[in-house]
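Novice: Here's a structure for you.
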Amino acid sequence: MSRGDTDDTTTISGGHLVAKALKAEGVDVIFTLCGGHIIDIYDGCADEGIDVIDVRHEQVAAHAADGYARVTGRPGCAVVTAGPGTTDAVTGIANAYRAESPMLVIGGQGALSQHKMGSLQDLPHVDMIAPISKFASSVPHTARVADMVSMAFREACNGAPGPAFLEIPRDILDASVPLEQARIPAKGKYRASTRQAGDPEAVERLADLLVRSERPSILLGNQVWTTRATRSATELVRALNVPAYMNGAGRGTLPPGDPHHFQLSRRYAFTNSDLIIIVGTPFDFRMGYGKRLSPDATVVQIDLNYATVGKNRDIDLGIVGDADVILSSVLQAASGYGDNGAARRKEWLEDLRAQEQKALDKRAPLLSSSASPIHPYRLVSEINDFLTEDSIYIGDGGDIVTFSGQVVQPKAPGHWMDPGPLGTLGVGIPFVMAAKYARPDKEVVALFGDGAFSLTGWDFETLVRFDLPFVGIVGNNSSMNQIRYGQIAKYGADRGEIGNTLGDVPYSEFARMLGGYGEEVRDPEEIGPALLRARESGKPSLINVWIDPDAYAPGTMNQTMYK
């Protein structure tokens, strides 16, 4: 009988216990780069029907696990070898930690029998990863392997989600134990519901604040998608006539054109609102640490994480819990009022719509610019027009993705992916990998900065190898332009290109070399046709668009670090 045989008279290995625990969690794929410490996990995955996607760099494996969690709502999983295999994955773990993305990274480790002897690739992984994860532990015995995998998943999904890490020493992973000695948690029977309802009194108070408000606004952040609160958020803003702004994975909660969907007037709204509701977004640098909210407004914060509520800025009301449950409860409470205030907010929404139009009119000439090199606004406008209801949009870069954040509007919830608050470059290719694997019915469209693409771009070959087609666009200005702008602003033009200038790389040739589709674009009129040809190719693709290196996004120019 095989080492993974589940007959009551046999034994089972640590690698097969890992696979059984992953199967119980609903994991259907692992992202990995092979190593001698971890191969028994592959053997177990083969027996359990779990796909193995092998990549070229462990950072890609970790980012892909993160991306899988964002797309599916289920924890992703990466498996990496010991030492440099695990340290290579650290950036992906850190990115998931700041982005509140649930995943498990399993790392190899030298044999316990060789502890402190200097075995191959021996490092203190747990000590290194503990500060950037929700849970980090070594597995002490083969019989505990599946139990500790389930423990790691529980911690990853506890409160605001995040990454968990397990290292499994080689002799523990390879060893076998009698099946009856190993606890293998049953599917769906070892985790409680995470849908926290929030304080009922606080919910009633928020409903009262909303009903009485003249100029409310709401920001729908990452946790609106994490908790799948799309319907409750949409019903709330429509029923109570509240203007909604969206950031991060919250983008797409309302479709473009919805009368309650606002994007360009957020600063004006936050300056003039009498009630501001922040859902699932911390008061970090993206929010000016809370200073961008009017000091005269009543501020309400809803978050899964108690420690986030009221951090960096005082609030008038904080509610800890699941955004879906809370927003539904608030709407139900508000429905008990005879007049919910919706009618009297008509003028407020008209004011905000006028501000939106003013900003759009100011930008319109650049959105249709025929200049060459191509203006970044023209590129992201063409991409926005190209997206369909089934297009998942992924942004990977600095300045070019900042441009896209002001223009690109996903057509549906869960159709926007970006690095998140850690600002990690190189997430694009692994996010494409995860999104296309998890949702083969969806089109995946990714915009890269040329600097960002170069960090993990070799795994374009993995997309070709696993037949995961996507439409990729490189906004190529041969520069790390977000940093370039800052250097010019601080030190002058004569020192503006030190350490940030890249070569003129024709990325279309790179794509074709690896078996994908590629085109070079220098004429803005050719952007749309090139995108269509990439879609029709049915291959992983790169449309290399040469953009103006001297055009900077307003968000880049307004960054506080440059002032």
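By convention in this document, the chains of the structure tokens carry letters A, B, ... by their order, each chain's residues are numbered from 1, and ligands are numbered from 1 in the order they are shown.
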Env of range 542-554 of chain A: 7 Å cut, atoms = only C-alpha atoms, seq-sep filter 3 positions within chain, self excluded. Answer as number ranges by chain.
Specialist: A: 373-376, 399, 402-403, 471-477, 506-508, 511, 517-522, 530, 557-558
Novice: Within 7 Å of Leu317 in chain A, counting only C-alpha atoms, which residues qualify if same-chain residues fewer than 3 places away don't, as a list of chain:residue names?
Specialist: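 Here the qualifying residues turn out to be A:Val299, A:Val300, A:Gln301.
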Novice: Would you write out, as a Markdown table, a table of all residues in range 54-101 of chain A that have an atom no more than 8 Å from an atom of range 407-431 of chain A, listing for each the closest atom pair and the distance in Å to one decimal, considering only C-alpha atoms and ordering rows by chain and rising residue number?
Specialist:
| residue | atom | partner | partner_atom | distance |
| --- | --- | --- | --- | --- |
| A:Val60 | CA | A:Pro430 | CA | 5.3 |
| A:Ala61 | CA | A:Pro430 | CA | 7.1 |
| A:His63 | CA | A:Pro430 | CA | 5.7 |
| A:Ala64 | CA | A:Pro430 | CA | 4.5 |
| A:Asp66 | CA | A:Phe431 | CA | 7.8 |
| A:Gly67 | CA | A:Phe431 | CA | 4.9 |
| A:Tyr68 | CA | A:Phe431 | CA | 7.4 |
| A:Arg70 | CA | A:Gly414 | CA | 7.9 |
| A:Val71 | CA | A:Gly414 | CA | 6.6 |
| A:Thr91 | CA | A:Thr424 | CA | 7.9 |
| A:Ala94 | CA | A:Leu422 | CA | 7.7 |
| A:Asn95 | CA | A:Leu422 | CA | 5.7 |
| A:Arg98 | CA | A:Leu422 | CA | 6.0 |
| A:Ala99 | CA | A:Gly420 | CA | 5.3 |
Novice: Please report, as a CSV table (one decimal) with C-alpha atoms, in the first residue's frame, each residue of range 477-540 of chain A to which DSSP assigns strand (DSSP E) when run on this structure's backbone.
Specialist:
chain,number,residue,atom,x,y,z
A,517,TYR,CA,1.4,37.1,-28.3
A,518,GLY,CA,3.0,40.5,-28.5
A,519,GLU,CA,2.8,43.9,-30.2
A,520,GLU,CA,4.6,47.3,-30.0
A,521,VAL,CA,2.4,50.4,-30.0
A,540,PRO,CA,-0.9,35.2,-22.8
Novice: Set the distance at 8 Å and use only C-alpha atoms: which residues neighbour range 272-286 of chain A once local chain neighbours fewer than 5 positions away are removed? I'd like the list as a ChimeraX atom specification.
Specialist: /A:209-210,213-224,293-294,296-304,308-309,311-313,323,421
Novice: Can you tell me, as a VMD selection string, which residues in range 187-425 of chain A count as helix (DSSP H, G or I) by DSSP?
Specialist: chain A and resid 200 to 212 222 to 226 230 to 240 248 to 250 266 to 272 285 to 290 306 to 308 323 to 334 343 to 367 376 to 386 399 to 407
Novice: Let me make sure I understand: among A:Met246, A:Ala160, A:Cys77, A:Ile41, which one has the smallest atom-to-atom distance to Ala89 in chain A if we use only C-alpha atoms?
Specialist: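 Closest to Ala89 in chain A of all the choices is A:Cys77.
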Novice: Env of range 331-348 of chain A: 6 Å cut, atoms = only C-alpha atoms, seq-sep filter 2 positions within chain, self excluded. Answer as a PyMOL selection string.
Specialist: chain A and resi 207+211+214+236+240-241+328-329+350-351
Novice: Go through A:Ala435, A:Asp322, A:Val126, A:Ala359 and flag the residue nearest Ala65 in chain A, using only C-alpha atoms for the distances.
Specialist: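 Comparing A:Ala435, A:Asp322, A:Val126, A:Ala359 against Ala65 in chain A, the winner is A:Ala435.
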Novice: Quick one: everything within 12 Å of range 465-467 of chain A, counting only C-alpha atoms, minus sequence neighbours fewer than 2 positions away in the same chain. Send it as an mmCIF file with all heavy atoms, in the first residue's frame.
Specialist:
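New file part-v5.cif:
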data_model
loop_
_atom_site.group_PDB
_atom_site.id
_atom_site.type_symbol
_atom_site.label_atom_id
_atom_site.label_comp_id
_atom_site.auth_asym_id
_atom_site.auth_seq_id
_atom_site.Cartn_x
_atom_site.Cartn_y
_atom_site.Cartn_z
ATOM 1 N N ASP A 51 -4.299 20.347 -7.711
ATOM 2 C CA ASP A 51 -3.397 20.757 -8.782
ATOM 3 C C ASP A 51 -2.123 21.378 -8.209
ATOM 4 O O ASP A 51 -2.140 22.034 -7.155
ATOM 5 C CB ASP A 51 -4.080 21.773 -9.701
ATOM 6 C CG ASP A 51 -5.152 21.139 -10.568
ATOM 7 O OD1 ASP A 51 -5.179 19.896 -10.677
ATOM 8 O OD2 ASP A 51 -5.976 21.890 -11.139
ATOM 9 N N VAL A 52 -1.042 21.214 -8.936
ATOM 10 C CA VAL A 52 0.249 21.790 -8.567
ATOM 11 C C VAL A 52 0.697 22.708 -9.700
ATOM 12 O O VAL A 52 0.944 22.243 -10.815
ATOM 13 C CB VAL A 52 1.301 20.691 -8.313
ATOM 14 C CG1 VAL A 52 2.671 21.311 -8.029
ATOM 15 C CG2 VAL A 52 0.872 19.794 -7.153
ATOM 16 N N ILE A 53 0.758 24.012 -9.430
ATOM 17 C CA ILE A 53 1.272 24.967 -10.410
ATOM 18 C C ILE A 53 2.660 25.384 -9.961
ATOM 19 O O ILE A 53 2.833 26.051 -8.936
ATOM 20 C CB ILE A 53 0.343 26.188 -10.563
ATOM 21 C CG1 ILE A 53 -0.987 25.747 -11.172
ATOM 22 C CG2 ILE A 53 1.009 27.270 -11.406
ATOM 23 C CD1 ILE A 53 -1.933 26.880 -11.503
ATOM 24 N N ASP A 54 3.652 24.944 -10.717
ATOM 25 C CA ASP A 54 5.046 25.210 -10.360
ATOM 26 C C ASP A 54 5.541 26.442 -11.107
ATOM 27 O O ASP A 54 5.369 26.570 -12.316
ATOM 28 C CB ASP A 54 5.919 23.994 -10.663
ATOM 29 C CG ASP A 54 5.718 23.438 -12.070
ATOM 30 O OD1 ASP A 54 4.555 23.199 -12.446
ATOM 31 O OD2 ASP A 54 6.722 23.250 -12.781
ATOM 32 N N VAL A 55 6.113 27.362 -10.355
ATOM 33 C CA VAL A 55 6.516 28.664 -10.869
ATOM 34 C C VAL A 55 8.038 28.782 -10.861
ATOM 35 O O VAL A 55 8.746 27.852 -10.477
ATOM 36 C CB VAL A 55 5.869 29.788 -10.038
ATOM 37 C CG1 VAL A 55 4.346 29.685 -10.102
ATOM 38 C CG2 VAL A 55 6.337 29.759 -8.579
ATOM 39 N N ARG A 56 8.520 29.945 -11.260
ATOM 40 C CA ARG A 56 9.963 30.145 -11.391
ATOM 41 C C ARG A 56 10.582 30.906 -10.218
ATOM 42 O O ARG A 56 11.797 31.064 -10.164
ATOM 43 C CB ARG A 56 10.263 30.888 -12.702
ATOM 44 C CG ARG A 56 10.001 30.039 -13.935
ATOM 45 C CD ARG A 56 10.213 30.823 -15.219
ATOM 46 N NE ARG A 56 10.189 29.948 -16.377
ATOM 47 C CZ ARG A 56 11.262 29.360 -16.911
ATOM 48 N NH1 ARG A 56 12.444 29.560 -16.360
ATOM 49 N NH2 ARG A 56 11.152 28.595 -17.964
ATOM 50 N N VAL A 432 -2.430 37.447 -12.182
ATOM 51 C CA VAL A 432 -3.017 36.916 -13.419
ATOM 52 C C VAL A 432 -3.135 35.404 -13.324
ATOM 53 O O VAL A 432 -4.180 34.810 -13.644
ATOM 54 C CB VAL A 432 -2.165 37.309 -14.641
ATOM 55 C CG1 VAL A 432 -2.599 36.532 -15.884
ATOM 56 C CG2 VAL A 432 -2.258 38.815 -14.914
ATOM 57 N N MET A 433 -2.072 34.757 -12.885
ATOM 58 C CA MET A 433 -2.039 33.297 -12.771
ATOM 59 C C MET A 433 -3.175 32.801 -11.886
ATOM 60 O O MET A 433 -3.916 31.868 -12.237
ATOM 61 C CB MET A 433 -0.680 32.890 -12.182
ATOM 62 C CG MET A 433 -0.384 31.423 -12.144
ATOM 63 S SD MET A 433 1.241 31.129 -11.368
ATOM 64 C CE MET A 433 2.319 32.112 -12.412
ATOM 65 N N ALA A 434 -3.322 33.428 -10.720
ATOM 66 C CA ALA A 434 -4.349 33.003 -9.778
ATOM 67 C C ALA A 434 -5.744 33.285 -10.311
ATOM 68 O O ALA A 434 -6.644 32.440 -10.208
ATOM 69 C CB ALA A 434 -4.143 33.726 -8.441
ATOM 70 N N LYS A 436 -6.844 33.732 -13.420
ATOM 71 C CA LYS A 436 -7.249 32.947 -14.592
ATOM 72 C C LYS A 436 -7.431 31.480 -14.232
ATOM 73 O O LYS A 436 -8.314 30.805 -14.786
ATOM 74 C CB LYS A 436 -6.219 33.093 -15.716
ATOM 75 C CG LYS A 436 -6.718 32.579 -17.064
ATOM 76 C CD LYS A 436 -7.951 33.344 -17.552
ATOM 77 C CE LYS A 436 -8.496 32.781 -18.845
ATOM 78 N NZ LYS A 436 -9.743 33.451 -19.266
ATOM 79 N N TYR A 437 -6.623 30.970 -13.287
ATOM 80 C CA TYR A 437 -6.830 29.598 -12.832
ATOM 81 C C TYR A 437 -8.175 29.480 -12.117
ATOM 82 O O TYR A 437 -8.951 28.552 -12.380
ATOM 83 C CB TYR A 437 -5.700 29.151 -11.897
ATOM 84 C CG TYR A 437 -5.990 27.786 -11.294
ATOM 85 C CD1 TYR A 437 -5.597 26.628 -11.942
ATOM 86 C CD2 TYR A 437 -6.712 27.667 -10.111
ATOM 87 C CE1 TYR A 437 -5.905 25.377 -11.424
ATOM 88 C CE2 TYR A 437 -7.033 26.427 -9.577
ATOM 89 C CZ TYR A 437 -6.630 25.281 -10.237
ATOM 90 O OH TYR A 437 -6.955 24.049 -9.724
ATOM 91 N N PRO A 440 -11.575 30.648 -14.920
ATOM 92 C CA PRO A 440 -11.261 30.506 -16.347
ATOM 93 C C PRO A 440 -12.323 31.099 -17.255
ATOM 94 O O PRO A 440 -12.068 31.356 -18.437
ATOM 95 C CB PRO A 440 -11.141 28.985 -16.533
ATOM 96 C CG PRO A 440 -11.889 28.397 -15.380
ATOM 97 C CD PRO A 440 -11.718 29.353 -14.250
ATOM 98 N N TRP A 458 9.343 36.683 -15.705
ATOM 99 C CA TRP A 458 9.706 35.395 -16.278
ATOM 100 C C TRP A 458 8.609 34.353 -16.093
ATOM 101 O O TRP A 458 8.558 33.368 -16.835
ATOM 102 C CB TRP A 458 11.021 34.887 -15.691
ATOM 103 C CG TRP A 458 12.210 35.395 -16.441
ATOM 104 C CD1 TRP A 458 13.088 36.350 -16.047
ATOM 105 C CD2 TRP A 458 12.628 34.988 -17.753
ATOM 106 N NE1 TRP A 458 14.037 36.568 -17.032
ATOM 107 C CE2 TRP A 458 13.779 35.741 -18.084
ATOM 108 C CE3 TRP A 458 12.144 34.057 -18.678
ATOM 109 C CZ2 TRP A 458 14.450 35.591 -19.297
ATOM 110 C CZ3 TRP A 458 12.810 33.909 -19.887
ATOM 111 C CH2 TRP A 458 13.940 34.668 -20.192
ATOM 112 N N ASP A 459 7.728 34.565 -15.129
ATOM 113 C CA ASP A 459 6.633 33.611 -14.977
ATOM 114 C C ASP A 459 5.531 33.819 -16.007
ATOM 115 O O ASP A 459 4.512 33.117 -15.971
ATOM 116 C CB ASP A 459 6.083 33.642 -13.547
ATOM 117 C CG ASP A 459 6.778 32.602 -12.675
ATOM 118 O OD1 ASP A 459 6.517 31.410 -12.891
ATOM 119 O OD2 ASP A 459 7.603 32.977 -11.829
ATOM 120 N N PHE A 460 5.743 34.715 -16.953
ATOM 121 C CA PHE A 460 4.927 34.724 -18.172
ATOM 122 C C PHE A 460 4.989 33.341 -18.826
ATOM 123 O O PHE A 460 3.989 32.846 -19.354
ATOM 124 C CB PHE A 460 5.445 35.806 -19.126
ATOM 125 C CG PHE A 460 4.616 36.010 -20.355
ATOM 126 C CD1 PHE A 460 3.636 36.994 -20.400
ATOM 127 C CD2 PHE A 460 4.805 35.242 -21.495
ATOM 128 C CE1 PHE A 460 2.870 37.206 -21.538
ATOM 129 C CE2 PHE A 460 4.046 35.429 -22.637
ATOM 130 C CZ PHE A 460 3.074 36.421 -22.654
ATOM 131 N N GLU A 461 6.173 32.716 -18.745
ATOM 132 C CA GLU A 461 6.323 31.367 -19.306
ATOM 133 C C GLU A 461 5.416 30.366 -18.605
ATOM 134 O O GLU A 461 4.891 29.443 -19.229
ATOM 135 C CB GLU A 461 7.790 30.930 -19.204
ATOM 136 C CG GLU A 461 8.087 29.578 -19.843
ATOM 137 C CD GLU A 461 7.809 28.398 -18.902
ATOM 138 O OE1 GLU A 461 7.902 28.577 -17.665
ATOM 139 O OE2 GLU A 461 7.482 27.303 -19.408
ATOM 140 N N THR A 462 5.218 30.540 -17.295
ATOM 141 C CA THR A 462 4.323 29.638 -16.567
ATOM 142 C C THR A 462 2.893 29.775 -17.083
ATOM 143 O O THR A 462 2.167 28.780 -17.213
ATOM 144 C CB THR A 462 4.374 29.945 -15.060
ATOM 145 O OG1 THR A 462 5.738 29.901 -14.621
ATOM 146 C CG2 THR A 462 3.558 28.941 -14.258
ATOM 147 N N LEU A 463 2.486 30.996 -17.397
ATOM 148 C CA LEU A 463 1.151 31.214 -17.963
ATOM 149 C C LEU A 463 1.011 30.524 -19.309
ATOM 150 O O LEU A 463 -0.040 29.950 -19.622
ATOM 151 C CB LEU A 463 0.878 32.708 -18.098
ATOM 152 C CG LEU A 463 0.901 33.515 -16.794
ATOM 153 C CD1 LEU A 463 0.774 35.003 -17.092
ATOM 154 C CD2 LEU A 463 -0.211 33.073 -15.861
ATOM 155 N N PRO A 469 -4.449 32.213 -20.677
ATOM 156 C CA PRO A 469 -4.374 33.411 -21.514
ATOM 157 C C PRO A 469 -4.841 34.666 -20.774
ATOM 158 O O PRO A 469 -5.725 34.599 -19.908
ATOM 159 C CB PRO A 469 -5.300 33.082 -22.681
ATOM 160 C CG PRO A 469 -6.263 32.089 -22.128
ATOM 161 C CD PRO A 469 -5.485 31.281 -21.132
ATOM 162 N N PHE A 470 -4.268 35.796 -21.127
ATOM 163 C CA PHE A 470 -4.698 37.078 -20.588
ATOM 164 C C PHE A 470 -4.255 38.182 -21.538
ATOM 165 O O PHE A 470 -3.404 37.965 -22.411
ATOM 166 C CB PHE A 470 -4.126 37.306 -19.186
ATOM 167 C CG PHE A 470 -2.678 37.747 -19.169
ATOM 168 C CD1 PHE A 470 -2.335 39.054 -18.853
ATOM 169 C CD2 PHE A 470 -1.653 36.852 -19.447
ATOM 170 C CE1 PHE A 470 -1.003 39.473 -18.834
ATOM 171 C CE2 PHE A 470 -0.318 37.251 -19.434
ATOM 172 C CZ PHE A 470 0.004 38.562 -19.126
ATOM 173 N N LEU A 514 8.572 33.603 -25.508
ATOM 174 C CA LEU A 514 8.103 32.604 -24.552
ATOM 175 C C LEU A 514 6.836 31.890 -25.008
ATOM 176 O O LEU A 514 6.257 31.101 -24.258
ATOM 177 C CB LEU A 514 7.877 33.259 -23.192
ATOM 178 C CG LEU A 514 9.139 33.798 -22.516
ATOM 179 C CD1 LEU A 514 8.794 34.513 -21.223
ATOM 180 C CD2 LEU A 514 10.144 32.685 -22.245
ATOM 181 N N GLY A 515 6.383 32.164 -26.231
ATOM 182 C CA GLY A 515 5.232 31.458 -26.774
ATOM 183 C C GLY A 515 3.927 32.195 -26.665
ATOM 184 O O GLY A 515 2.862 31.624 -26.922
ATOM 185 N N GLY A 516 3.974 33.492 -26.286
ATOM 186 C CA GLY A 516 2.765 34.290 -26.183
ATOM 187 C C GLY A 516 2.569 35.206 -27.378
ATOM 188 O O GLY A 516 3.229 35.052 -28.413
ATOM 189 N N GLY A 538 -6.008 34.427 -27.960
ATOM 190 C CA GLY A 538 -6.209 33.305 -27.051
ATOM 191 C C GLY A 538 -4.947 32.881 -26.325
ATOM 192 O O GLY A 538 -4.875 31.772 -25.783
ATOM 193 N N LYS A 539 -3.955 33.769 -26.276
ATOM 194 C CA LYS A 539 -2.681 33.446 -25.634
ATOM 195 C C LYS A 539 -2.370 34.461 -24.530
ATOM 196 O O LYS A 539 -2.927 35.564 -24.519
ATOM 197 C CB LYS A 539 -1.533 33.505 -26.661
ATOM 198 C CG LYS A 539 -1.614 32.518 -27.790
ATOM 199 C CD LYS A 539 -0.404 32.698 -28.718
ATOM 200 C CE LYS A 539 -0.404 31.697 -29.859
ATOM 201 N NZ LYS A 539 0.801 31.879 -30.730
ATOM 202 N N PRO A 540 -1.463 34.118 -23.623
ATOM 203 C CA PRO A 540 -0.888 35.170 -22.793
ATOM 204 C C PRO A 540 -0.248 36.223 -23.704
ATOM 205 O O PRO A 540 0.431 35.862 -24.677
ATOM 206 C CB PRO A 540 0.170 34.433 -21.963
ATOM 207 C CG PRO A 540 -0.287 33.010 -21.948
ATOM 208 C CD PRO A 540 -0.921 32.786 -23.293
ATOM 209 N N SER A 541 -0.480 37.492 -23.405
ATOM 210 C CA SER A 541 -0.054 38.525 -24.348
ATOM 211 C C SER A 541 0.554 39.718 -23.631
ATOM 212 O O SER A 541 0.271 39.971 -22.455
ATOM 213 C CB SER A 541 -1.248 38.994 -25.184
ATOM 214 O OG SER A 541 -2.207 39.624 -24.355
#
Novice: Just checking: using only C-alpha atoms, which residue out of A:Phe386, A:Gly555, A:Thr501, A:Glu204 ends up closest to Ala534 in chain A?
Specialist: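 Nearest to Ala534 in chain A: A:Phe386.
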Novice: Within 12 Å of Ala489 in chain A, counting only C-alpha atoms, which residues show up once you throw out same-chain ones fewer than 3 positions away? Write them as a list in words, please.
Specialist: Gln482, Ile483, Arg484, Tyr485, Gly486, Gly492, Ala493, Asp494, Arg495, Gly496, Glu497, Tyr552, Thr556, Met557, Asn558, Gln559, Thr560, Met561, Tyr562 and Lys563 of chain A
Novice: Export, as a PDB file, in the first residue's frame, the selected residues with N, CA, C and O atoms.
Specialist:
ATOM      1  N   GLN A 482       7.551  56.949 -10.815  1.00  0.00           N
ATOM      2  CA  GLN A 482       7.058  57.500  -9.563  1.00  0.00           C
ATOM      3  C   GLN A 482       8.230  57.976  -8.699  1.00  0.00           C
ATOM      4  O   GLN A 482       8.169  59.039  -8.070  1.00  0.00           O
ATOM      5  N   ILE A 483       9.309  57.216  -8.708  1.00  0.00           N
ATOM      6  CA  ILE A 483      10.493  57.601  -7.954  1.00  0.00           C
ATOM      7  C   ILE A 483      11.231  58.725  -8.674  1.00  0.00           C
ATOM      8  O   ILE A 483      11.749  59.647  -8.036  1.00  0.00           O
ATOM      9  N   ARG A 484      11.261  58.661  -9.984  1.00  0.00           N
ATOM     10  CA  ARG A 484      11.927  59.710 -10.771  1.00  0.00           C
ATOM     11  C   ARG A 484      11.332  61.074 -10.468  1.00  0.00           C
ATOM     12  O   ARG A 484      12.056  62.061 -10.289  1.00  0.00           O
ATOM     13  N   TYR A 485       9.994  61.133 -10.409  1.00  0.00           N
ATOM     14  CA  TYR A 485       9.353  62.413 -10.102  1.00  0.00           C
ATOM     15  C   TYR A 485       9.811  62.931  -8.738  1.00  0.00           C
ATOM     16  O   TYR A 485      10.133  64.121  -8.587  1.00  0.00           O
ATOM     17  N   GLY A 486       9.852  62.047  -7.760  1.00  0.00           N
ATOM     18  CA  GLY A 486      10.254  62.468  -6.419  1.00  0.00           C
ATOM     19  C   GLY A 486      11.672  62.981  -6.371  1.00  0.00           C
ATOM     20  O   GLY A 486      11.969  63.962  -5.678  1.00  0.00           O
ATOM     21  N   GLY A 492      16.269  68.266  -7.954  1.00  0.00           N
ATOM     22  CA  GLY A 492      16.483  68.947  -9.216  1.00  0.00           C
ATOM     23  C   GLY A 492      16.632  67.998 -10.383  1.00  0.00           C
ATOM     24  O   GLY A 492      16.966  66.818 -10.212  1.00  0.00           O
ATOM     25  N   ALA A 493      16.417  68.561 -11.594  1.00  0.00           N
ATOM     26  CA  ALA A 493      16.395  67.735 -12.804  1.00  0.00           C
ATOM     27  C   ALA A 493      17.731  67.066 -13.086  1.00  0.00           C
ATOM     28  O   ALA A 493      17.779  65.966 -13.645  1.00  0.00           O
ATOM     29  N   ASP A 494      18.844  67.693 -12.694  1.00  0.00           N
ATOM     30  CA  ASP A 494      20.146  67.117 -13.010  1.00  0.00           C
ATOM     31  C   ASP A 494      20.408  65.829 -12.222  1.00  0.00           C
ATOM     32  O   ASP A 494      21.308  65.069 -12.573  1.00  0.00           O
ATOM     33  N   ARG A 495      19.605  65.578 -11.168  1.00  0.00           N
ATOM     34  CA  ARG A 495      19.765  64.341 -10.409  1.00  0.00           C
ATOM     35  C   ARG A 495      18.484  63.487 -10.455  1.00  0.00           C
ATOM     36  O   ARG A 495      18.286  62.604  -9.624  1.00  0.00           O
ATOM     37  N   GLY A 496      17.666  63.779 -11.432  1.00  0.00           N
ATOM     38  CA  GLY A 496      16.374  63.114 -11.507  1.00  0.00           C
ATOM     39  C   GLY A 496      16.389  61.720 -12.077  1.00  0.00           C
ATOM     40  O   GLY A 496      15.382  61.013 -12.004  1.00  0.00           O
ATOM     41  N   GLU A 497      17.503  61.282 -12.646  1.00  0.00           N
ATOM     42  CA  GLU A 497      17.519  59.964 -13.283  1.00  0.00           C
ATOM     43  C   GLU A 497      18.579  59.041 -12.697  1.00  0.00           C
ATOM     44  O   GLU A 497      18.975  58.071 -13.326  1.00  0.00           O
ATOM     45  N   TYR A 552       3.201  62.725 -15.353  1.00  0.00           N
ATOM     46  CA  TYR A 552       3.081  62.119 -14.033  1.00  0.00           C
ATOM     47  C   TYR A 552       1.647  62.203 -13.540  1.00  0.00           C
ATOM     48  O   TYR A 552       0.960  63.206 -13.760  1.00  0.00           O
ATOM     49  N   THR A 556       0.891  60.845  -7.899  1.00  0.00           N
ATOM     50  CA  THR A 556       2.342  60.816  -7.729  1.00  0.00           C
ATOM     51  C   THR A 556       2.852  62.172  -7.276  1.00  0.00           C
ATOM     52  O   THR A 556       3.665  62.283  -6.354  1.00  0.00           O
ATOM     53  N   MET A 557       2.364  63.222  -7.911  1.00  0.00           N
ATOM     54  CA  MET A 557       2.847  64.568  -7.600  1.00  0.00           C
ATOM     55  C   MET A 557       2.393  65.051  -6.231  1.00  0.00           C
ATOM     56  O   MET A 557       3.010  65.941  -5.641  1.00  0.00           O
ATOM     57  N   ASN A 558       1.327  64.458  -5.708  1.00  0.00           N
ATOM     58  CA  ASN A 558       0.797  64.887  -4.414  1.00  0.00           C
ATOM     59  C   ASN A 558       1.258  64.026  -3.247  1.00  0.00           C
ATOM     60  O   ASN A 558       0.820  64.240  -2.119  1.00  0.00           O
ATOM     61  N   GLN A 559       2.121  63.057  -3.506  1.00  0.00           N
ATOM     62  CA  GLN A 559       2.563  62.193  -2.415  1.00  0.00           C
ATOM     63  C   GLN A 559       3.296  62.989  -1.348  1.00  0.00           C
ATOM     64  O   GLN A 559       4.181  63.796  -1.650  1.00  0.00           O
ATOM     65  N   THR A 560       2.917  62.763  -0.119  1.00  0.00           N
ATOM     66  CA  THR A 560       3.478  63.549   0.981  1.00  0.00           C
ATOM     67  C   THR A 560       4.967  63.306   1.173  1.00  0.00           C
ATOM     68  O   THR A 560       5.675  64.168   1.680  1.00  0.00           O
ATOM     69  N   MET A 561       5.473  62.134   0.772  1.00  0.00           N
ATOM     70  CA  MET A 561       6.895  61.869   0.981  1.00  0.00           C
ATOM     71  C   MET A 561       7.783  62.784   0.142  1.00  0.00           C
ATOM     72  O   MET A 561       8.981  62.900   0.391  1.00  0.00           O
ATOM     73  N   TYR A 562       7.196  63.414  -0.892  1.00  0.00           N
ATOM     74  CA  TYR A 562       7.979  64.288  -1.747  1.00  0.00           C
ATOM     75  C   TYR A 562       7.852  65.762  -1.357  1.00  0.00           C
ATOM     76  O   TYR A 562       8.314  66.640  -2.069  1.00  0.00           O
ATOM     77  N   LYS A 563       7.183  66.026  -0.272  1.00  0.00           N
ATOM     78  CA  LYS A 563       6.947  67.422   0.131  1.00  0.00           C
ATOM     79  C   LYS A 563       7.740  67.761   1.383  1.00  0.00           C
ATOM     80  O   LYS A 563       8.098  66.894   2.156  1.00  0.00           O
TER      81      LYS A 563
END
Novice: One decimal, Å: what's the distance from CA of Gln181 in chain A over to CA of Ala143 in chain A, could you say?
Specialist: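 Separation of CA of Gln181 in chain A and CA of Ala143 in chain A: 6.0 Å.
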